[in-house]
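Visitor: Take a look at the following structure, please.
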Amino acid sequence: MTRKEFLKKTGTLGAGMAAMTSCALIYDSEILACSLDELKAQPFLIREFNWDQIFLTMRGEEIVVFSLVCSHKKCTVAWQAREEQFACPCHEGLYDSEGRVIDGPPPAPLSRFRWELRGNDLWVINEKLSG
């Protein structure tokens, strides 16, 4: 292989890798998470949204959508129904049912997402709500 052929092939490879990397940075602006009826029929639902998990639940008539990404080291937390808390398996961080830190190293609460009802469909918007 000549130097010119080598440079041509590696340049093509580099362009392909750049294209793949840029595709990985595209996030959905919103998703249809479930129907309102489906959410009302379950204590909670977990969906994937932009490569992370989200937790959807009803608190009376209020819809709440949390990110399940720990604010400490970005591990995925799990809902513990018996204790009514979220637990991080990585460094034993705990969050209460409102997503507030109750123990461990997490520096901030779980993020909440904005959502919209469109008819009976619950859409989650890629917009995190502040405190």
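Letters A, B, ... go to the chains of the structure tokens in the order shown; residues in each chain start at 1; ligands are counted from 1 in the same order.
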List every residue of chain A that DSSP, applied to the backbone of this structure, places in strand (DSSP E), and write the result as a PyMOL selection string.

Guide: chain A and resi 30-35+44-49+52-59+62-67+78-80+85-87+94-96+101-103+112-118+121-129

Visitor: At most 12 Å is the cut-off: for each residue in stretch 73-100 of chain A with any atom that close to an atom of stretch 55-59 of chain A, write down the nearest atom pair and the distance in Å rounded to one decimal, counting only C-alpha atoms, chain first then increasing number, as JSON lines.

Guide:
```
{"residue": "A:Thr76", "atom": "CA", "partner": "A:Phe55", "partner_atom": "CA", "distance": 11.0}
{"residue": "A:Val77", "atom": "CA", "partner": "A:Phe55", "partner_atom": "CA", "distance": 10.0}
{"residue": "A:Ala78", "atom": "CA", "partner": "A:Phe55", "partner_atom": "CA", "distance": 9.3}
{"residue": "A:Trp79", "atom": "CA", "partner": "A:Phe55", "partner_atom": "CA", "distance": 8.6}
{"residue": "A:Phe86", "atom": "CA", "partner": "A:Phe55", "partner_atom": "CA", "distance": 10.4}
{"residue": "A:Ser97", "atom": "CA", "partner": "A:Arg59", "partner_atom": "CA", "distance": 10.1}
{"residue": "A:Glu98", "atom": "CA", "partner": "A:Arg59", "partner_atom": "CA", "distance": 10.0}
{"residue": "A:Gly99", "atom": "CA", "partner": "A:Phe55", "partner_atom": "CA", "distance": 10.7}
```

Visitor: Convert the current residue selection to file output with C-alpha atoms, as a CSV table (one decimal), in the first residue's frame.

Guide:
```csv
chain,number,residue,atom,x,y,z
A,76,THR,CA,-28.9,4.2,37.8
A,77,VAL,CA,-30.9,4.3,41.0
A,78,ALA,CA,-33.7,1.8,41.8
A,79,TRP,CA,-37.0,2.4,43.4
A,86,PHE,CA,-34.6,5.4,45.6
A,97,SER,CA,-39.9,9.6,47.2
A,98,GLU,CA,-39.6,13.2,46.1
A,99,GLY,CA,-36.1,12.6,44.8
```

Visitor: Within 9 Å of A:Cys70, counting only C-alpha atoms, which residues show up once you throw out same-chain ones fewer than 3 positions away? Write them as a ChimeraX atom specification, please.

Guide: /A:67,73-77,87-88,93,106,108-111

Visitor: Taking 6 positions as the minimum chain separation for residues in the same chain, which residues sit within 9 Å of A:Ile54 when counting only C-alpha atoms? Answer as an NGL selection string.

Guide: :A and (45-48 or 65-69 or 112-113)

Visitor: Need the shell around A:Asp121: protein/DNA/RNA residues with any atom at most 6 Å away, counting only C-alpha atoms. Skip same-chain ones fewer than 3 positions apart. Format as a PDB file with N, CA, C and O atoms, in the first residue's frame?

Guide:
```
ATOM      1  N   SER A  35     -49.755   5.892  28.058  1.00  0.00           N
ATOM      2  CA  SER A  35     -51.056   6.552  28.143  1.00  0.00           C
ATOM      3  C   SER A  35     -51.315   6.893  29.612  1.00  0.00           C
ATOM      4  O   SER A  35     -50.736   6.275  30.517  1.00  0.00           O
ATOM      5  N   LEU A  36     -52.178   7.855  29.836  1.00  0.00           N
ATOM      6  CA  LEU A  36     -52.538   8.210  31.205  1.00  0.00           C
ATOM      7  C   LEU A  36     -53.210   7.027  31.886  1.00  0.00           C
ATOM      8  O   LEU A  36     -52.950   6.753  33.060  1.00  0.00           O
ATOM      9  N   LEU A 117     -49.575  16.276  28.729  1.00  0.00           N
ATOM     10  CA  LEU A 117     -50.652  15.377  28.336  1.00  0.00           C
ATOM     11  C   LEU A 117     -51.204  15.878  27.008  1.00  0.00           C
ATOM     12  O   LEU A 117     -51.529  17.062  26.877  1.00  0.00           O
ATOM     13  N   ARG A 118     -51.284  14.980  26.049  1.00  0.00           N
ATOM     14  CA  ARG A 118     -51.882  15.281  24.751  1.00  0.00           C
ATOM     15  C   ARG A 118     -52.982  14.263  24.547  1.00  0.00           C
ATOM     16  O   ARG A 118     -52.710  13.124  24.175  1.00  0.00           O
TER      17      ARG A 118
END
```

Visitor: Quick one: everything within 7 Å of A:Gln85, counting only C-alpha atoms, minus sequence neighbours fewer than 4 positions away in the same chain. Send it as number ranges by chain.

Guide: A: 79-81, 94-97

Visitor: Quick one: write out the picked residues with all heavy atoms as a PDB file, in the first residue's frame?

Guide:
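Everything below was put into selection-v8.pdb:
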```pdb
ATOM      1  N   TRP A  79     -35.946   2.122  42.494  1.00  0.00           N
ATOM      2  CA  TRP A  79     -37.021   2.407  43.429  1.00  0.00           C
ATOM      3  C   TRP A  79     -37.185   1.225  44.369  1.00  0.00           C
ATOM      4  O   TRP A  79     -37.274   0.080  43.938  1.00  0.00           O
ATOM      5  CB  TRP A  79     -38.318   2.670  42.683  1.00  0.00           C
ATOM      6  CG  TRP A  79     -39.500   2.851  43.568  1.00  0.00           C
ATOM      7  CD1 TRP A  79     -40.598   2.039  43.644  1.00  0.00           C
ATOM      8  CD2 TRP A  79     -39.726   3.907  44.516  1.00  0.00           C
ATOM      9  NE1 TRP A  79     -41.487   2.526  44.568  1.00  0.00           N
ATOM     10  CE2 TRP A  79     -40.979   3.675  45.121  1.00  0.00           C
ATOM     11  CE3 TRP A  79     -38.995   5.016  44.923  1.00  0.00           C
ATOM     12  CZ2 TRP A  79     -41.503   4.509  46.093  1.00  0.00           C
ATOM     13  CZ3 TRP A  79     -39.515   5.851  45.889  1.00  0.00           C
ATOM     14  CH2 TRP A  79     -40.751   5.597  46.464  1.00  0.00           C
ATOM     15  N   GLN A  80     -37.199   1.484  45.668  1.00  0.00           N
ATOM     16  CA  GLN A  80     -37.442   0.467  46.683  1.00  0.00           C
ATOM     17  C   GLN A  80     -38.803   0.769  47.300  1.00  0.00           C
ATOM     18  O   GLN A  80     -38.929   1.665  48.152  1.00  0.00           O
ATOM     19  CB  GLN A  80     -36.347   0.495  47.746  1.00  0.00           C
ATOM     20  CG  GLN A  80     -34.982   0.162  47.201  1.00  0.00           C
ATOM     21  CD  GLN A  80     -33.896   0.246  48.253  1.00  0.00           C
ATOM     22  OE1 GLN A  80     -33.941   1.064  49.158  1.00  0.00           O
ATOM     23  NE2 GLN A  80     -32.907  -0.623  48.119  1.00  0.00           N
ATOM     24  N   ALA A  81     -39.815   0.053  46.832  1.00  0.00           N
ATOM     25  CA  ALA A  81     -41.192   0.353  47.222  1.00  0.00           C
ATOM     26  C   ALA A  81     -41.412   0.208  48.728  1.00  0.00           C
ATOM     27  O   ALA A  81     -42.082   1.048  49.344  1.00  0.00           O
ATOM     28  CB  ALA A  81     -42.153  -0.549  46.459  1.00  0.00           C
ATOM     29  N   LEU A  94     -29.013   7.520  48.880  1.00  0.00           N
ATOM     30  CA  LEU A  94     -30.457   7.320  49.026  1.00  0.00           C
ATOM     31  C   LEU A  94     -31.189   8.626  48.743  1.00  0.00           C
ATOM     32  O   LEU A  94     -30.744   9.707  49.141  1.00  0.00           O
ATOM     33  CB  LEU A  94     -30.805   6.849  50.440  1.00  0.00           C
ATOM     34  CG  LEU A  94     -30.267   5.483  50.862  1.00  0.00           C
ATOM     35  CD1 LEU A  94     -30.606   5.223  52.330  1.00  0.00           C
ATOM     36  CD2 LEU A  94     -30.844   4.383  49.983  1.00  0.00           C
ATOM     37  N   TYR A  95     -32.333   8.496  48.083  1.00  0.00           N
ATOM     38  CA  TYR A  95     -33.202   9.620  47.778  1.00  0.00           C
ATOM     39  C   TYR A  95     -34.603   9.279  48.286  1.00  0.00           C
ATOM     40  O   TYR A  95     -35.033   8.122  48.197  1.00  0.00           O
ATOM     41  CB  TYR A  95     -33.304   9.847  46.276  1.00  0.00           C
ATOM     42  CG  TYR A  95     -31.999  10.155  45.582  1.00  0.00           C
ATOM     43  CD1 TYR A  95     -31.162   9.141  45.130  1.00  0.00           C
ATOM     44  CD2 TYR A  95     -31.626  11.466  45.334  1.00  0.00           C
ATOM     45  CE1 TYR A  95     -29.982   9.434  44.460  1.00  0.00           C
ATOM     46  CE2 TYR A  95     -30.443  11.774  44.669  1.00  0.00           C
ATOM     47  CZ  TYR A  95     -29.629  10.746  44.233  1.00  0.00           C
ATOM     48  OH  TYR A  95     -28.461  11.031  43.569  1.00  0.00           O
ATOM     49  N   ASP A  96     -35.330  10.261  48.793  1.00  0.00           N
ATOM     50  CA  ASP A  96     -36.695   9.992  49.233  1.00  0.00           C
ATOM     51  C   ASP A  96     -37.634   9.917  48.026  1.00  0.00           C
ATOM     52  O   ASP A  96     -37.204  10.041  46.876  1.00  0.00           O
ATOM     53  CB  ASP A  96     -37.159  11.024  50.271  1.00  0.00           C
ATOM     54  CG  ASP A  96     -37.332  12.427  49.721  1.00  0.00           C
ATOM     55  OD1 ASP A  96     -37.349  12.628  48.479  1.00  0.00           O
ATOM     56  OD2 ASP A  96     -37.467  13.350  50.548  1.00  0.00           O
ATOM     57  N   SER A  97     -38.915   9.738  48.276  1.00  0.00           N
ATOM     58  CA  SER A  97     -39.889   9.564  47.200  1.00  0.00           C
ATOM     59  C   SER A  97     -40.069  10.822  46.354  1.00  0.00           C
ATOM     60  O   SER A  97     -40.643  10.765  45.274  1.00  0.00           O
ATOM     61  CB  SER A  97     -41.231   9.115  47.766  1.00  0.00           C
ATOM     62  OG  SER A  97     -41.759  10.128  48.610  1.00  0.00           O
TER      63      SER A  97
END
```
